[in-house]
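Q: One structure follows; several queries about it will come next.
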Amino acid sequence: MAGDSKQLQLSVRVYNTLQILGCPLVDGLYLREADSMRELLCTPSLHRMDILKWICIRICPSLKEKFSTIKSAQTEEVVKEITRFGHEMMLCQADERELIEGFATPLRQLVFLEQLLMSAQDSSEQEKPSGDEGIRHEDLLRELMSPDHLSDLVQLMNPVCNPWSAHIREHLRATHSAQAKTNLAKANDSNNGSHLVLGKLGGNDLNEATRLLQSTQATLEELRKECEFLQSDPVSPGASLSPCALKVAISDMAQLMTAFSQVYNTDFKGYCQRAPPVLSPNTHVFQSVYQLLHSCNMELEALQQLSETSSSLTETVRRIQTERRYWAKGEKHTLPNQLETLKNRYTAFLTHHQS
């Protein structure tokens with residue numbers, strides 16, 4: 001009863017799915033009973049074969065051309081093609097023609113139909129979003145290119161405003177102004193100091209200071225050439241390493257080293273300071289034990305084979321003694337009976353001749 005209930009439920013589910021997908025072969029049937037649906041889907045008929053063809057074409061539209069070339073009387077070709085298609089989808093065996101013809105069990109047929117319809121639903125769902133997505137993209141482009149949003153589009157293509165929010169922009173503006181004031185004050189102080197020093201220096205001292213400044217500048221230029229990260233390449237700005245990026249890298253590395261030092265001192269230090277283990281000089285003992293164990297295993301295997309051989313021989317002897325294999329006087333007899341009969345005949349023969 002449980003199997004029939006499951007079949008009826010599957011029949012209703014498959015029939016409703018066919019109606020939802022718009023199968024023209026179930027339109028106008030108006031089936032209400034589950035038994036009628038099961039009879040339609042599981043009984044061999046041309047109508048059932050047409051339903052299978054429609055589902056396969058729904059999954060793979062290229063099959064429509066193949067089915068159109070097959071005549072209606074060539075049912076074997078249709079069965080062969082649907083079987084091949086089901087095997088390619090890993091839903092049936094390559095030689096499971098009874099399933100396609102409708103001679104398999106109803107439960108197997110319904111499960112196969114349900115799996116095919118699930119694939120048909122997946123293919124239809126994959127086709128729908130592509131069209132809707134194209135419509136959405138087209139509407140979005142039309143909306144963006146409209147005159148109302150043209151100014152926003154131009155501003156997006158050529159941004160001139162600071163992308164930061166208002167409170168962050170205000171903070172950055174205040175920070176920049178404070179830094180500019182500090183740099184200006186430092187520059188004024190350095191200029192005043194240089195003027196005072198130059199006022200005290202004489203002509204020779206001024207020439208010497210000039211040479212010293214030039215040599216210092218040359219040294220700085222050499223250092224700048226050696227430090228590649230200070231050189232800015234306008235063609236490939238991402239290839240050069242800026243001082244800011246170097247500072248960030250050094251800061252990250254310092255944090256990692258600090259974290260590792262903390263973990264080492266708290267967790268690993270006690271283990272790392274232990275003395276190395278002392279290996280025993282009697283390592284040959286392990287090799288001897290291994291050889292003894294290997295020999296023991298070999299002996300156990302030999303004993304097991306001997307036991308199996310003995311059991312086999314015992315079974316063979318028992319079968320020879322109990323089975324009736326030998327014909328005598330139109331009947332089969334066992335070997336002990338035959339030997340006993342032969343012994344009695346030989347004894348009677350000797351008794352007859354000796355007397």
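Just remember, in the structure tokens the first chain shown is A, the second B, etc., residues are 1-based per chain, and ligands are 1-based in the order shown.
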Neighbouring residues of Ala94 in chain A were defined as those with any atom within 7 Å, considering only C-alpha atoms; residues of the same chain fewer than 2 positions away were excluded. Please report them as an NGL selection string.

A: :A and (83-84 or 87 or 92 or 96)

Q: Quick check, in Å to one decimal: how far apart do CA of Gln121 in chain A and CA of Leu63 in chain A lie?

A: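 Atom-to-atom, CA of Gln121 in chain A and CA of Leu63 in chain A are spaced 17.0 Å apart.
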
Q: Taking 4 positions as the minimum chain separation for residues in the same chain, which residues sit within 9 Å of Leu21 in chain A when counting only C-alpha atoms? Answer as a PDB file with C-alpha atoms, in the first residue's frame.

A:
ATOM      1  CA  ASN A  16       0.997  18.961 -12.482  1.00  0.00           C
ATOM      2  CA  THR A  17       4.554  19.775 -13.560  1.00  0.00           C
ATOM      3  CA  LEU A 117      11.045  17.430 -15.775  1.00  0.00           C
ATOM      4  CA  ALA A 120      13.444  20.873 -18.111  1.00  0.00           C
ATOM      5  CA  GLN A 121      12.545  23.322 -15.328  1.00  0.00           C
ATOM      6  CA  SER A 124      13.705  27.058 -18.653  1.00  0.00           C
TER       7      SER A 124
END

Q: Contacts of range 43-56 of chain A at 9 Å or less, counting only C-alpha atoms, minus same-chain residues fewer than 4 places along, as a list in words?

A: Leu18, Cys23, Pro24, Leu25, Val26, Arg38, Glu39, Cys60, Pro61, Leu63, Lys64, Phe67, Thr75, Val78, Val79, Ile82, Phe85, Gly86, Ile100, Glu101, Gly102, Phe103, Pro106, Leu113, Leu116, Leu117 and Ala120 of chain A

Q: Would you work out the distance separating CA of Thr105 in chain A from CA of Ser36 in chain A, expressed in Å to one decimal?

A: 16.2 Å

Q: Gln115 in chain A: which residues within 8 Å, counting only C-alpha atoms, same-chain residues fewer than 4 positions away excluded, as a list of chain:residue names?

A: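 The residues that qualify are A:Leu91, A:Val111, A:Ser119.
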
Q: Kindly indicate which residue among A:Gln19, A:Lys66, A:Pro276, A:Gln93 lies nearest to Glu81 in chain A, using only C-alpha atoms for the distances.

A: A:Lys66

Q: Using CA of Ser68 in chain A and CA of Tyr30 in chain A as the two end points, give the distance in Å to one decimal.

A: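 Computed distance, CA of Ser68 in chain A to CA of Tyr30 in chain A, equals 28.3 Å.
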